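What follows is the content of coords08.pdb (PDB, C-alpha atoms and all ligand atoms).
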MODEL        1
ATOM      1  CA  MET A 106      21.067  25.024 -13.533  1.00  0.00           C
ATOM      2  CA  PRO A 107      17.544  26.112 -14.525  1.00  0.00           C
ATOM      3  CA  THR A 108      15.007  23.295 -14.670  1.00  0.00           C
ATOM      4  CA  SER A 109      12.620  22.948 -17.588  1.00  0.00           C
ATOM      5  CA  LYS A 110       8.969  23.623 -16.813  1.00  0.00           C
ATOM      6  CA  ILE A 111       7.807  21.565 -19.779  1.00  0.00           C
ATOM      7  CA  SER A 112       6.510  18.253 -18.511  1.00  0.00           C
ATOM      8  CA  PRO A 113       7.306  15.169 -20.587  1.00  0.00           C
ATOM      9  CA  TYR A 114       3.784  13.938 -19.759  1.00  0.00           C
ATOM     10  CA  ASP A 115       0.299  14.996 -20.828  1.00  0.00           C
ATOM     11  CA  VAL A 116      -1.285  13.186 -17.917  1.00  0.00           C
ATOM     12  CA  ILE A 117      -0.072  11.984 -14.531  1.00  0.00           C
ATOM     13  CA  ILE A 118      -2.244   9.369 -12.867  1.00  0.00           C
ATOM     14  CA  ILE A 119      -1.930   8.815  -9.126  1.00  0.00           C
ATOM     15  CA  GLY A 120      -2.756   5.243  -8.147  1.00  0.00           C
ATOM     16  CA  ALA A 121      -1.965   2.087 -10.083  1.00  0.00           C
ATOM     17  CA  GLY A 122      -5.068   0.091  -9.221  1.00  0.00           C
ATOM     18  CA  VAL A 123      -7.355  -1.281 -11.913  1.00  0.00           C
ATOM     19  CA  ASN A 124      -8.811   2.177 -12.548  1.00  0.00           C
ATOM     20  CA  GLY A 125      -5.435   3.916 -12.826  1.00  0.00           C
ATOM     21  CA  CYS A 126      -3.991   1.144 -15.014  1.00  0.00           C
ATOM     22  CA  CYS A 127      -7.019   1.045 -17.346  1.00  0.00           C
ATOM     23  CA  SER A 128      -7.051   4.840 -17.611  1.00  0.00           C
ATOM     24  CA  ALA A 129      -3.317   4.872 -18.360  1.00  0.00           C
ATOM     25  CA  TYR A 130      -3.718   2.152 -20.969  1.00  0.00           C
ATOM     26  CA  THR A 131      -6.661   3.874 -22.682  1.00  0.00           C
ATOM     27  CA  LEU A 132      -5.005   7.309 -22.695  1.00  0.00           C
ATOM     28  CA  ARG A 133      -1.779   5.789 -24.047  1.00  0.00           C
ATOM     29  CA  GLN A 134      -3.772   4.077 -26.824  1.00  0.00           C
ATOM     30  CA  GLY A 135      -5.126   7.548 -27.615  1.00  0.00           C
ATOM     31  CA  GLY A 136      -1.578   8.846 -28.076  1.00  0.00           C
ATOM     32  CA  MET A 137      -1.111  10.644 -24.753  1.00  0.00           C
ATOM     33  CA  ARG A 138       2.123  10.590 -22.801  1.00  0.00           C
ATOM     34  CA  VAL A 139       1.153   9.103 -19.456  1.00  0.00           C
ATOM     35  CA  ALA A 140       2.944   8.710 -16.130  1.00  0.00           C
ATOM     36  CA  LEU A 141       1.381   6.279 -13.672  1.00  0.00           C
ATOM     37  CA  VAL A 142       2.618   6.543 -10.093  1.00  0.00           C
ATOM     38  CA  ASP A 143       1.756   4.631  -6.964  1.00  0.00           C
ATOM     39  CA  GLN A 144       2.996   5.007  -3.420  1.00  0.00           C
ATOM     40  CA  GLU A 145       3.198   1.231  -2.976  1.00  0.00           C
ATOM     41  CA  GLY A 146       3.131  -0.528  -6.334  1.00  0.00           C
ATOM     42  CA  ILE A 147       0.816  -1.933  -8.962  1.00  0.00           C
ATOM     43  CA  ALA A 148      -2.448  -3.290  -7.537  1.00  0.00           C
ATOM     44  CA  ALA A 149      -1.334  -2.553  -3.980  1.00  0.00           C
ATOM     45  CA  GLY A 150      -4.836  -1.497  -2.902  1.00  0.00           C
ATOM     46  CA  GLY A 151      -8.267  -3.016  -3.464  1.00  0.00           C
ATOM     47  CA  SER A 152      -7.288  -4.244  -6.921  1.00  0.00           C
ATOM     48  CA  GLY A 153      -4.758  -6.665  -5.451  1.00  0.00           C
ATOM     49  CA  ALA A 154      -7.306  -8.005  -2.967  1.00  0.00           C
ATOM     50  CA  ALA A 155     -10.249  -8.418  -5.340  1.00  0.00           C
ATOM     51  CA  GLY A 156     -11.675 -11.799  -6.245  1.00  0.00           C
ATOM     52  CA  ALA A 157     -11.620 -10.759  -9.927  1.00  0.00           C
ATOM     53  CA  PHE A 158     -15.287 -11.509 -10.512  1.00  0.00           C
ATOM     54  CA  ILE A 159     -17.110  -9.517 -13.183  1.00  0.00           C
ATOM     55  CA  SER A 160     -20.773 -10.050 -12.505  1.00  0.00           C
ATOM     56  CA  PRO A 161     -23.953  -8.171 -13.451  1.00  0.00           C
ATOM     57  CA  LYS A 162     -25.695  -5.980 -10.924  1.00  0.00           C
ATOM     58  CA  ILE A 163     -29.028  -7.625 -10.218  1.00  0.00           C
ATOM     59  CA  SER A 164     -31.293  -4.650  -9.717  1.00  0.00           C
ATOM     60  CA  LYS A 165     -34.338  -2.890 -11.082  1.00  0.00           C
ATOM     61  CA  ALA A 166     -34.017  -0.685 -14.156  1.00  0.00           C
ATOM     62  CA  GLY A 167     -32.329   2.661 -13.739  1.00  0.00           C
ATOM     63  CA  GLU A 168     -29.438   4.772 -14.896  1.00  0.00           C
ATOM     64  CA  LEU A 169     -26.920   3.177 -12.507  1.00  0.00           C
ATOM     65  CA  LYS A 170     -27.873  -0.296 -13.678  1.00  0.00           C
ATOM     66  CA  GLU A 171     -27.351   0.756 -17.305  1.00  0.00           C
ATOM     67  CA  ILE A 172     -23.893   2.191 -16.534  1.00  0.00           C
ATOM     68  CA  ILE A 173     -22.860  -0.937 -14.631  1.00  0.00           C
ATOM     69  CA  HIS A 174     -24.220  -3.176 -17.379  1.00  0.00           C
ATOM     70  CA  GLN A 175     -22.227  -1.291 -20.013  1.00  0.00           C
ATOM     71  CA  ALA A 176     -19.083  -1.400 -17.840  1.00  0.00           C
ATOM     72  CA  GLN A 177     -19.522  -5.133 -17.324  1.00  0.00           C
ATOM     73  CA  ALA A 178     -19.907  -5.774 -21.070  1.00  0.00           C
ATOM     74  CA  GLU A 179     -16.823  -3.651 -21.826  1.00  0.00           C
ATOM     75  CA  ALA A 180     -14.784  -5.359 -19.110  1.00  0.00           C
ATOM     76  CA  LEU A 181     -15.706  -8.811 -20.390  1.00  0.00           C
ATOM     77  CA  ASP A 182     -14.811  -7.781 -23.922  1.00  0.00           C
ATOM     78  CA  PHE A 183     -11.477  -6.324 -22.722  1.00  0.00           C
ATOM     79  CA  TYR A 184     -10.432  -9.361 -20.686  1.00  0.00           C
ATOM     80  CA  THR A 185     -11.588 -11.966 -23.211  1.00  0.00           C
ATOM     81  CA  SER A 186      -9.787 -10.082 -26.021  1.00  0.00           C
ATOM     82  CA  PHE A 187      -6.493  -9.375 -24.254  1.00  0.00           C
ATOM     83  CA  PHE A 188      -6.273 -12.148 -21.659  1.00  0.00           C
ATOM     84  CA  PRO A 189      -8.290 -15.073 -23.051  1.00  0.00           C
ATOM     85  CA  LYS A 190      -6.104 -17.604 -21.222  1.00  0.00           C
ATOM     86  CA  TYR A 191      -6.948 -16.048 -17.856  1.00  0.00           C
ATOM     87  CA  THR A 192     -10.613 -15.275 -18.427  1.00  0.00           C
ATOM     88  CA  LEU A 193     -13.260 -17.839 -17.590  1.00  0.00           C
ATOM     89  CA  VAL A 194     -16.833 -17.122 -18.643  1.00  0.00           C
ATOM     90  CA  ARG A 195     -19.193 -19.189 -16.544  1.00  0.00           C
ATOM     91  CA  PRO A 196     -22.881 -19.112 -15.578  1.00  0.00           C
ATOM     92  CA  LEU A 197     -23.709 -17.204 -12.413  1.00  0.00           C
ATOM     93  CA  LEU A 198     -26.097 -18.707  -9.881  1.00  0.00           C
ATOM     94  CA  HIS A 199     -27.917 -15.894  -8.139  1.00  0.00           C
ATOM     95  CA  ILE A 200     -29.830 -16.900  -5.018  1.00  0.00           C
ATOM     96  CA  ALA A 201     -32.321 -14.324  -3.759  1.00  0.00           C
ATOM     97  CA  ASN A 202     -32.213 -14.216   0.040  1.00  0.00           C
ATOM     98  CA  SER A 203     -35.586 -12.495   0.524  1.00  0.00           C
ATOM     99  CA  SER A 204     -38.833 -12.008  -1.381  1.00  0.00           C
ATOM    100  CA  LYS A 205     -37.863  -8.373  -2.042  1.00  0.00           C
ATOM    101  CA  GLU A 206     -34.607  -9.547  -3.607  1.00  0.00           C
ATOM    102  CA  GLY A 207     -36.613 -12.168  -5.520  1.00  0.00           C
ATOM    103  CA  GLU A 208     -38.732  -9.398  -7.077  1.00  0.00           C
ATOM    104  CA  LYS A 209     -35.567  -7.622  -8.158  1.00  0.00           C
ATOM    105  CA  VAL A 210     -34.307 -10.796  -9.819  1.00  0.00           C
ATOM    106  CA  GLU A 211     -37.607 -11.279 -11.697  1.00  0.00           C
ATOM    107  CA  SER A 212     -37.574  -7.654 -12.870  1.00  0.00           C
ATOM    108  CA  PHE A 213     -33.926  -8.001 -13.923  1.00  0.00           C
ATOM    109  CA  LYS A 214     -34.710 -11.149 -15.915  1.00  0.00           C
ATOM    110  CA  ARG A 215     -37.554  -9.405 -17.791  1.00  0.00           C
ATOM    111  CA  GLU A 216     -35.334  -6.560 -18.911  1.00  0.00           C
ATOM    112  CA  THR A 217     -31.847  -7.950 -19.348  1.00  0.00           C
ATOM    113  CA  ASP A 218     -30.403  -8.971 -22.684  1.00  0.00           C
ATOM    114  CA  LEU A 219     -28.042 -11.354 -20.878  1.00  0.00           C
ATOM    115  CA  LYS A 220     -28.767 -15.019 -21.484  1.00  0.00           C
ATOM    116  CA  HIS A 221     -30.491 -16.547 -18.477  1.00  0.00           C
ATOM    117  CA  SER A 222     -32.315 -19.701 -17.574  1.00  0.00           C
ATOM    118  CA  HIS A 223     -34.224 -21.313 -14.733  1.00  0.00           C
ATOM    119  CA  LEU A 224     -32.324 -23.269 -12.162  1.00  0.00           C
ATOM    120  CA  PRO A 225     -31.998 -26.959 -13.085  1.00  0.00           C
ATOM    121  CA  HIS A 226     -34.168 -29.048 -10.770  1.00  0.00           C
ATOM    122  CA  LYS A 227     -31.137 -31.038  -9.561  1.00  0.00           C
ATOM    123  CA  ILE A 228     -29.515 -27.875  -8.190  1.00  0.00           C
ATOM    124  CA  GLU A 229     -32.794 -26.522  -6.836  1.00  0.00           C
ATOM    125  CA  THR A 230     -33.117 -29.559  -4.590  1.00  0.00           C
ATOM    126  CA  MET A 231     -29.736 -28.737  -3.047  1.00  0.00           C
ATOM    127  CA  LEU A 232     -30.856 -25.304  -1.807  1.00  0.00           C
ATOM    128  CA  SER A 233     -32.236 -24.638   1.643  1.00  0.00           C
ATOM    129  CA  ASP A 234     -35.826 -23.396   2.098  1.00  0.00           C
ATOM    130  CA  GLU A 235     -34.553 -19.896   2.905  1.00  0.00           C
ATOM    131  CA  ALA A 236     -32.865 -19.546  -0.485  1.00  0.00           C
TER     132      ALA A 236
HETATM  133  C1  LIG A 301     -11.482  -8.331  -0.663  1.00  0.00           C
HETATM  134  C2  LIG A 301     -12.043  -7.607  -1.874  1.00  0.00           C
HETATM  135  C3  LIG A 301     -12.609  -8.342  -2.907  1.00  0.00           C
HETATM  136  C4  LIG A 301     -13.139  -7.695  -4.023  1.00  0.00           C
HETATM  137  N1  LIG A 301     -13.644  -8.470  -5.042  1.00  0.00           N
HETATM  138  C5  LIG A 301     -14.093  -7.862  -6.168  1.00  0.00           C
HETATM  139  C6  LIG A 301     -14.543  -8.647  -7.279  1.00  0.00           C
HETATM  140  O1  LIG A 301     -14.523  -9.877  -7.272  1.00  0.00           O
HETATM  141  N2  LIG A 301     -15.010  -7.985  -8.361  1.00  0.00           N
HETATM  142  C7  LIG A 301     -15.043  -6.607  -8.423  1.00  0.00           C
HETATM  143  O2  LIG A 301     -15.476  -6.062  -9.456  1.00  0.00           O
HETATM  144  N3  LIG A 301     -14.587  -5.843  -7.401  1.00  0.00           N
HETATM  145  C8  LIG A 301     -14.115  -6.435  -6.289  1.00  0.00           C
HETATM  146  N4  LIG A 301     -13.659  -5.664  -5.245  1.00  0.00           N
HETATM  147  C9  LIG A 301     -13.669  -4.198  -5.394  1.00  0.00           C
HETATM  148  C10 LIG A 301     -12.483  -3.781  -6.271  1.00  0.00           C
HETATM  149  O3  LIG A 301     -11.303  -4.390  -5.793  1.00  0.00           O
HETATM  150  C11 LIG A 301     -12.311  -2.250  -6.248  1.00  0.00           C
HETATM  151  O4  LIG A 301     -13.529  -1.624  -6.596  1.00  0.00           O
HETATM  152  C12 LIG A 301     -11.247  -1.819  -7.245  1.00  0.00           C
HETATM  153  O5  LIG A 301     -10.074  -2.587  -7.103  1.00  0.00           O
HETATM  154  C13 LIG A 301     -10.920  -0.344  -7.029  1.00  0.00           C
HETATM  155  O6  LIG A 301      -9.881  -0.030  -7.920  1.00  0.00           O
HETATM  156  P1  LIG A 301      -9.179   1.372  -7.859  1.00  0.00           P
HETATM  157  O7  LIG A 301      -8.153   1.398  -8.955  1.00  0.00           O
HETATM  158  O8  LIG A 301     -10.208   2.446  -7.877  1.00  0.00           O
HETATM  159  O9  LIG A 301      -8.530   1.443  -6.409  1.00  0.00           O
HETATM  160  P2  LIG A 301      -7.257   0.614  -5.770  1.00  0.00           P
HETATM  161  O10 LIG A 301      -7.067  -0.721  -6.413  1.00  0.00           O
HETATM  162  O11 LIG A 301      -7.464   0.644  -4.301  1.00  0.00           O
HETATM  163  O12 LIG A 301      -6.047   1.516  -6.202  1.00  0.00           O
HETATM  164  C14 LIG A 301      -5.712   2.722  -5.583  1.00  0.00           C
HETATM  165  C15 LIG A 301      -4.186   2.836  -5.647  1.00  0.00           C
HETATM  166  O13 LIG A 301      -3.832   4.180  -5.301  1.00  0.00           O
HETATM  167  C16 LIG A 301      -2.655   4.158  -4.535  1.00  0.00           C
HETATM  168  N5  LIG A 301      -2.637   5.418  -3.799  1.00  0.00           N
HETATM  169  C17 LIG A 301      -3.547   5.860  -2.903  1.00  0.00           C
HETATM  170  N6  LIG A 301      -3.194   7.074  -2.461  1.00  0.00           N
HETATM  171  C18 LIG A 301      -2.056   7.402  -3.110  1.00  0.00           C
HETATM  172  C19 LIG A 301      -1.202   8.543  -3.081  1.00  0.00           C
HETATM  173  N7  LIG A 301      -1.485   9.606  -2.290  1.00  0.00           N
HETATM  174  N8  LIG A 301      -0.100   8.550  -3.844  1.00  0.00           N
HETATM  175  C20 LIG A 301       0.191   7.486  -4.655  1.00  0.00           C
HETATM  176  N9  LIG A 301      -0.571   6.397  -4.731  1.00  0.00           N
HETATM  177  C21 LIG A 301      -1.689   6.346  -3.964  1.00  0.00           C
HETATM  178  C22 LIG A 301      -2.770   2.898  -3.677  1.00  0.00           C
HETATM  179  O14 LIG A 301      -1.501   2.414  -3.276  1.00  0.00           O
HETATM  180  C23 LIG A 301      -3.475   1.930  -4.644  1.00  0.00           C
HETATM  181  O15 LIG A 301      -2.541   1.101  -5.349  1.00  0.00           O
HETATM  182  C24 LIG A 301     -13.101  -6.274  -4.114  1.00  0.00           C
HETATM  183  C25 LIG A 301     -12.515  -5.534  -3.079  1.00  0.00           C
HETATM  184  C26 LIG A 301     -11.967  -6.174  -1.995  1.00  0.00           C
HETATM  185  C27 LIG A 301     -11.307  -5.342  -0.909  1.00  0.00           C
ENDMDL
END
If you took the structure in this file and wrote it as structure tokens, what would it be?
Amino acid sequence: MPTSKISPYDVIIIGAGVNGCCSAYTLRQGGMRVALVDQEGIAAGGSGAAGAFISPKISKAGELKEIIHQAQAEALDFYTSFFPKYTLVRPLLHIANSSKEGEKVESFKRETDLKHSHLPHKIETMLSDEA
């Protein structure tokens, strides 16, 4: 019997990690017929091992930082909208481990539109001299 060459899908995505799943979801929302396949299962790779932290990239200004910042804002919006019960938004304590890293943090603080504050004195006293 002859087999049809017309695929029932517009897009086939190989790999059902966070990237494959998000791409499938977004394309489906856009009306595409999507097949998502994985050799092992959903989140079988890095996505199943991840700590699930969405944190800003502390770095000096640049194109990569902008892309990561935008991705972080979109991810937070996505998870807080669709999975509010499972999404915790908490302050991040960033400890610079060298003076070079400290400069990066200061530069980041000058440019970011994220809310930030100085470390409360009580916590500062708990840090080692190296921090
Ligand atoms: C221990 C650990 C902790 C992490 N913690 C964080 C964190 O807190 N925050 C953060 O942002 N990032 C974290 N990461 C990084 C993050 O997990 C990855 O960047 C992200 O999961 C990558 O997603 P992905 O969809 O690109 O790849 P993956 O999740 O690796 O998905 C790839 C999928 O493709 C499938 N596949 C591969 N080859 C084929 C094939 N030939 N045919 C069919 N299927 C195939 C695999 O089975 C797999 O399921 C962590 C990573 C690790 C390892």
Put the listed atoms of ligand LIG 301 (chain A) in a box along x, y and z with 3 Å added on every side and give me the centre and edge lengths in Å to one decimal, as JSON.
{"center_x": -7.6, "center_y": -0.1, "center_z": -5.1, "size_x": 21.7, "size_y": 25.5, "size_z": 14.8}
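Between CA of Leu141 in chain A and CA of Ile173 in chain A there is a distance of 25.3 Å.
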**Message:** Counting only C-alpha atoms, which residue out of A:Ser112, A:Gly122, A:Glu179, A:Leu198 sits closest to Glu145 in chain A?
**Reply:**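 Comparing A:Ser112, A:Gly122, A:Glu179, A:Leu198 against Glu145 in chain A, the winner is A:Gly122.
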**Request:** Report as a PyMOL selection string the residues that result from applying the PyMOL selection byres (((chain A and resi 165-168) around 12) and not hetatm) to the structure here.
**Result:** chain A and resi 161-164+169-175+205-217
With C-alpha atoms retained, could you export that selection as an mmCIF file, in the frame of the given file?
data_model
loop_
_atom_site.group_PDB
_atom_site.id
_atom_site.type_symbol
_atom_site.label_atom_id
_atom_site.label_comp_id
_atom_site.auth_asym_id
_atom_site.auth_seq_id
_atom_site.Cartn_x
_atom_site.Cartn_y
_atom_site.Cartn_z
ATOM 1 C CA PRO A 161 -23.953 -8.171 -13.451
ATOM 2 C CA LYS A 162 -25.695 -5.980 -10.924
ATOM 3 C CA ILE A 163 -29.028 -7.625 -10.218
ATOM 4 C CA SER A 164 -31.293 -4.650 -9.717
ATOM 5 C CA LEU A 169 -26.920 3.177 -12.507
ATOM 6 C CA LYS A 170 -27.873 -0.296 -13.678
ATOM 7 C CA GLU A 171 -27.351 0.756 -17.305
ATOM 8 C CA ILE A 172 -23.893 2.191 -16.534
ATOM 9 C CA ILE A 173 -22.860 -0.937 -14.631
ATOM 10 C CA HIS A 174 -24.220 -3.176 -17.379
ATOM 11 C CA GLN A 175 -22.227 -1.291 -20.013
ATOM 12 C CA LYS A 205 -37.863 -8.373 -2.042
ATOM 13 C CA GLU A 206 -34.607 -9.547 -3.607
ATOM 14 C CA GLY A 207 -36.613 -12.168 -5.520
ATOM 15 C CA GLU A 208 -38.732 -9.398 -7.077
ATOM 16 C CA LYS A 209 -35.567 -7.622 -8.158
ATOM 17 C CA VAL A 210 -34.307 -10.796 -9.819
ATOM 18 C CA GLU A 211 -37.607 -11.279 -11.697
ATOM 19 C CA SER A 212 -37.574 -7.654 -12.870
ATOM 20 C CA PHE A 213 -33.926 -8.001 -13.923
ATOM 21 C CA LYS A 214 -34.710 -11.149 -15.915
ATOM 22 C CA ARG A 215 -37.554 -9.405 -17.791
ATOM 23 C CA GLU A 216 -35.334 -6.560 -18.911
ATOM 24 C CA THR A 217 -31.847 -7.950 -19.348
#
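Proximity of A:Ile159, A:Ile147, A:Leu232, A:Leu224 to Val194 in chain A, computed with only C-alpha atoms, is greatest for A:Ile159.
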